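Chemist: Structure file protein.cif, mmCIF, C-alpha atoms, pLDDT in the B column; chains and numbers go by the auth columns, is pasted below:
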data_model
loop_
_atom_site.group_PDB
_atom_site.id
_atom_site.type_symbol
_atom_site.label_atom_id
_atom_site.label_comp_id
_atom_site.label_asym_id
_atom_site.label_seq_id
_atom_site.Cartn_x
_atom_site.Cartn_y
_atom_site.Cartn_z
_atom_site.B_iso_or_equiv
_atom_site.auth_seq_id
_atom_site.auth_asym_id
ATOM 1 C CA MET A 1 -128.367 125.242 -125.174 79.00 1012 X
ATOM 2 C CA VAL A 2 -126.224 127.591 -123.102 88.00 1013 X
ATOM 3 C CA THR A 3 -122.536 126.762 -123.503 89.00 1014 X
ATOM 4 C CA LEU A 4 -120.700 127.073 -120.180 88.00 1015 X
ATOM 5 C CA TYR A 5 -117.289 125.650 -121.033 89.00 1016 X
ATOM 6 C CA ARG A 6 -115.972 124.823 -124.473 89.00 1017 X
ATOM 7 C CA ASN A 7 -118.926 123.091 -126.147 89.00 1018 X
ATOM 8 C CA PHE A 8 -120.493 121.759 -122.927 90.00 1019 X
ATOM 9 C CA ASP A 9 -123.805 122.854 -121.524 92.00 1020 X
ATOM 10 C CA ARG A 10 -124.723 122.310 -117.837 92.00 1021 X
ATOM 11 C CA ALA A 11 -126.039 118.744 -118.377 89.00 1022 X
ATOM 12 C CA GLU A 12 -122.940 117.681 -120.329 88.00 1023 X
ATOM 13 C CA LEU A 13 -120.604 119.200 -117.738 88.00 1024 X
ATOM 14 C CA ASP A 14 -122.461 117.373 -114.983 87.00 1025 X
ATOM 15 C CA VAL A 15 -121.821 114.068 -116.810 84.00 1026 X
ATOM 16 C CA GLN A 16 -118.117 114.887 -117.237 83.00 1027 X
ATOM 17 C CA TYR A 17 -117.696 115.664 -113.529 85.00 1028 X
ATOM 18 C CA ASN A 18 -119.590 112.602 -112.286 87.00 1029 X
ATOM 19 C CA ALA A 19 -116.944 109.872 -112.259 80.00 1030 X
ATOM 20 C CA ARG A 20 -119.314 107.509 -110.447 84.00 1031 X
ATOM 21 C CA GLY A 21 -121.772 107.806 -113.307 80.00 1032 X
ATOM 22 C CA THR A 22 -119.273 106.487 -115.856 82.00 1033 X
ATOM 23 C CA VAL A 23 -119.367 102.907 -114.524 88.00 1034 X
ATOM 24 C CA PRO A 24 -122.275 100.609 -113.650 91.00 1035 X
ATOM 25 C CA ASP A 25 -121.045 99.955 -110.077 94.00 1036 X
ATOM 26 C CA ILE A 26 -118.409 102.146 -108.418 91.00 1037 X
ATOM 27 C CA GLN A 27 -118.182 100.100 -105.208 94.00 1038 X
ATOM 28 C CA PRO A 28 -115.713 97.436 -106.480 96.00 1039 X
ATOM 29 C CA ILE A 29 -113.433 100.196 -107.746 92.00 1040 X
ATOM 30 C CA LEU A 30 -113.544 102.080 -104.436 91.00 1041 X
ATOM 31 C CA LYS A 31 -112.896 98.819 -102.562 96.00 1042 X
ATOM 32 C CA LYS A 32 -109.828 98.122 -104.737 96.00 1043 X
ATOM 33 C CA TYR A 33 -108.505 101.667 -104.145 91.00 1044 X
ATOM 34 C CA ALA A 34 -108.856 101.163 -100.380 93.00 1045 X
ATOM 35 C CA GLU A 35 -107.179 97.739 -100.499 97.00 1046 X
ATOM 36 C CA ASP A 36 -104.284 99.005 -102.648 94.00 1047 X
ATOM 37 C CA SER A 37 -103.796 101.989 -100.326 91.00 1048 X
ATOM 38 C CA ALA A 38 -103.758 99.739 -97.260 94.00 1049 X
ATOM 39 C CA THR A 39 -101.192 97.467 -98.930 96.00 1050 X
ATOM 40 C CA ALA A 40 -98.960 100.433 -99.780 93.00 1051 X
ATOM 41 C CA ARG A 41 -99.103 101.759 -96.210 93.00 1052 X
ATOM 42 C CA ARG A 42 -98.384 98.275 -94.816 95.00 1053 X
ATOM 43 C CA THR A 43 -95.533 97.296 -97.162 95.00 1054 X
ATOM 44 C CA LEU A 44 -93.720 100.531 -98.029 91.00 1055 X
ATOM 45 C CA ASP A 45 -91.743 102.939 -95.897 89.00 1056 X
ATOM 46 C CA CYS A 46 -94.051 105.848 -95.204 91.00 1057 X
ATOM 47 C CA VAL A 47 -94.781 108.768 -92.940 90.00 1058 X
ATOM 48 C CA LEU A 48 -98.537 109.137 -92.603 92.00 1059 X
ATOM 49 C CA ASP A 49 -100.813 112.094 -91.889 92.00 1060 X
ATOM 50 C CA VAL A 50 -98.202 114.840 -92.186 92.00 1061 X
ATOM 51 C CA PRO A 51 -100.016 118.168 -91.733 94.00 1062 X
ATOM 52 C CA PHE A 52 -99.489 120.937 -94.279 92.00 1063 X
ATOM 53 C CA GLY A 53 -102.133 123.299 -92.916 94.00 1064 X
ATOM 54 C CA ASP A 54 -104.388 123.949 -89.970 95.00 1065 X
ATOM 55 C CA HIS A 55 -107.454 122.010 -91.135 95.00 1066 X
ATOM 56 C CA ALA A 56 -107.787 118.280 -90.336 91.00 1067 X
ATOM 57 C CA ASP A 57 -108.169 117.547 -94.067 88.00 1068 X
ATOM 58 C CA GLU A 58 -104.811 119.181 -94.808 91.00 1069 X
ATOM 59 C CA GLN A 59 -102.618 116.117 -94.417 91.00 1070 X
ATOM 60 C CA LEU A 60 -100.502 114.046 -96.742 88.00 1071 X
ATOM 61 C CA ASP A 61 -98.717 110.732 -96.702 89.00 1072 X
ATOM 62 C CA ILE A 62 -95.049 110.615 -97.687 88.00 1073 X
ATOM 63 C CA PHE A 63 -93.535 107.525 -99.281 87.00 1074 X
ATOM 64 C CA PRO A 64 -89.795 108.256 -99.534 83.00 1075 X
ATOM 65 C CA ALA A 65 -87.928 106.995 -102.573 78.00 1076 X
ATOM 66 C CA ALA A 66 -85.154 104.466 -102.099 74.00 1077 X
ATOM 67 C CA ASN A 67 -81.682 105.868 -101.479 70.00 1078 X
ATOM 68 C CA PRO A 68 -79.949 106.701 -104.756 67.00 1079 X
ATOM 69 C CA ALA A 69 -76.769 104.970 -105.839 70.00 1080 X
ATOM 70 C CA PRO A 70 -73.513 106.475 -104.526 73.00 1081 X
ATOM 71 C CA ASN A 71 -72.290 109.609 -106.327 72.00 1082 X
ATOM 72 C CA THR A 72 -75.713 110.395 -107.812 68.00 1083 X
ATOM 73 C CA PRO A 73 -78.032 113.297 -107.090 69.00 1084 X
ATOM 74 C CA GLY A 74 -80.903 112.907 -104.642 68.00 1085 X
ATOM 75 C CA ALA A 75 -83.651 110.379 -105.085 69.00 1086 X
ATOM 76 C CA PRO A 76 -86.478 111.145 -107.518 71.00 1087 X
ATOM 77 C CA VAL A 77 -89.701 112.625 -106.270 72.00 1088 X
ATOM 78 C CA PHE A 78 -93.185 111.811 -107.496 73.00 1089 X
ATOM 79 C CA VAL A 79 -96.016 114.014 -106.300 75.00 1090 X
ATOM 80 C CA PHE A 80 -99.645 113.054 -106.876 74.00 1091 X
ATOM 81 C CA ILE A 81 -102.249 115.602 -105.966 75.00 1092 X
ATOM 82 C CA HIS A 82 -105.865 114.598 -106.278 70.00 1093 X
ATOM 83 C CA GLY A 83 -107.935 117.731 -106.095 64.00 1094 X
ATOM 84 C CA GLY A 84 -111.315 116.086 -106.330 60.00 1095 X
ATOM 85 C CA TYR A 85 -113.857 117.052 -108.916 56.00 1096 X
#
How does the structure come out when it is put into structure tokens?

Modeler:
Amino acid sequence: MVTLYRNFDRAELDVQYNARGTVPDIQPILKKYAEDSATARRTLDCVLDVPFGDHADEQLDIFPAANPAPNTPGAPVFVFIHGGY
């Protein structure tokens, strides 16, 4: 066994990076993600497809936080970056 990262060999790393392989059927999960995303875009204030680079894949969606109470600092920010696997 050739260790590539920590105690993982190539086969073990492949298992760790294959999220689809960790469940019997990924399709219901992907469907739920799509439905939840559509609900968020439909029901929340948002600015969609804001470019941050030149490539068509370099876009993000912004869901502004509610206005803070008077005399408080700016609204909180939550950033989620999914970099793939």

Chemist: The PyMOL selection byres ((chain X and resi 1058) around 9) - which residues does that actually catch in the file I just gave you? List them as a CSV table (one decimal) with C-alpha atoms, in the coordinates of the input.

Modeler:
chain,number,residue,atom,x,y,z
X,1052,ARG,CA,-99.1,101.8,-96.2
X,1056,ASP,CA,-91.7,102.9,-95.9
X,1057,CYS,CA,-94.1,105.8,-95.2
X,1059,LEU,CA,-98.5,109.1,-92.6
X,1060,ASP,CA,-100.8,112.1,-91.9
X,1061,VAL,CA,-98.2,114.8,-92.2
X,1071,LEU,CA,-100.5,114.0,-96.7
X,1072,ASP,CA,-98.7,110.7,-96.7
X,1073,ILE,CA,-95.0,110.6,-97.7
X,1074,PHE,CA,-93.5,107.5,-99.3
X,1075,PRO,CA,-89.8,108.3,-99.5

Chemist: When you draw a straight line from atom CA of Ala1067 of chain X to atom CA of Arg1031 of chain X, how long is it in Å?

Modeler: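 Straight-line distance from atom CA of Ala1067 of chain X to atom CA of Arg1031 of chain X works out to 25.6 Å.
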
Chemist: Which is closer to Gln1070 of chain X than all the others in X:Asn1018, X:Asp1025, X:Ile1092, X:Ser1048, using all atoms listed in the file?

Modeler: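 Comparing X:Asn1018, X:Asp1025, X:Ile1092, X:Ser1048 against Gln1070 of chain X, the winner is X:Ile1092.
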
Chemist: Please, what is the axis-aligned box for every listed atom of segment 1066-1079 of chain X with 8 Å on each side, as centre and edge lengths in Å to one decimal, as AutoDock Vina command-line options?

Modeler:
--center_x -94.1 --center_y 113.2 --center_z -97.5 --size_x 44.2 --size_y 33.5 --size_z 30.4

Chemist: What is the atom CA of Asp1020 of chain X to atom CA of Ile1037 of chain X distance in Å?

Modeler: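 Computed distance, atom CA of Asp1020 of chain X to atom CA of Ile1037 of chain X, equals 25.1 Å.
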
Chemist: Please write as a PyMOL selection string the list of polymer residues whose atoms come within 12 Å of (-89.9, 112.1, -109.6), counting only C-alpha atoms and keeping to the coordinates of the file.

Modeler: chain X and resi 1074-1077+1085-1091

Chemist: What does the distance from atom CA of Gly1032 of chain X to atom CA of Tyr1016 of chain X come to in Å, to one decimal?

Modeler: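 Atom CA of Tyr1016 of chain X lies 20.0 Å from atom CA of Gly1032 of chain X.
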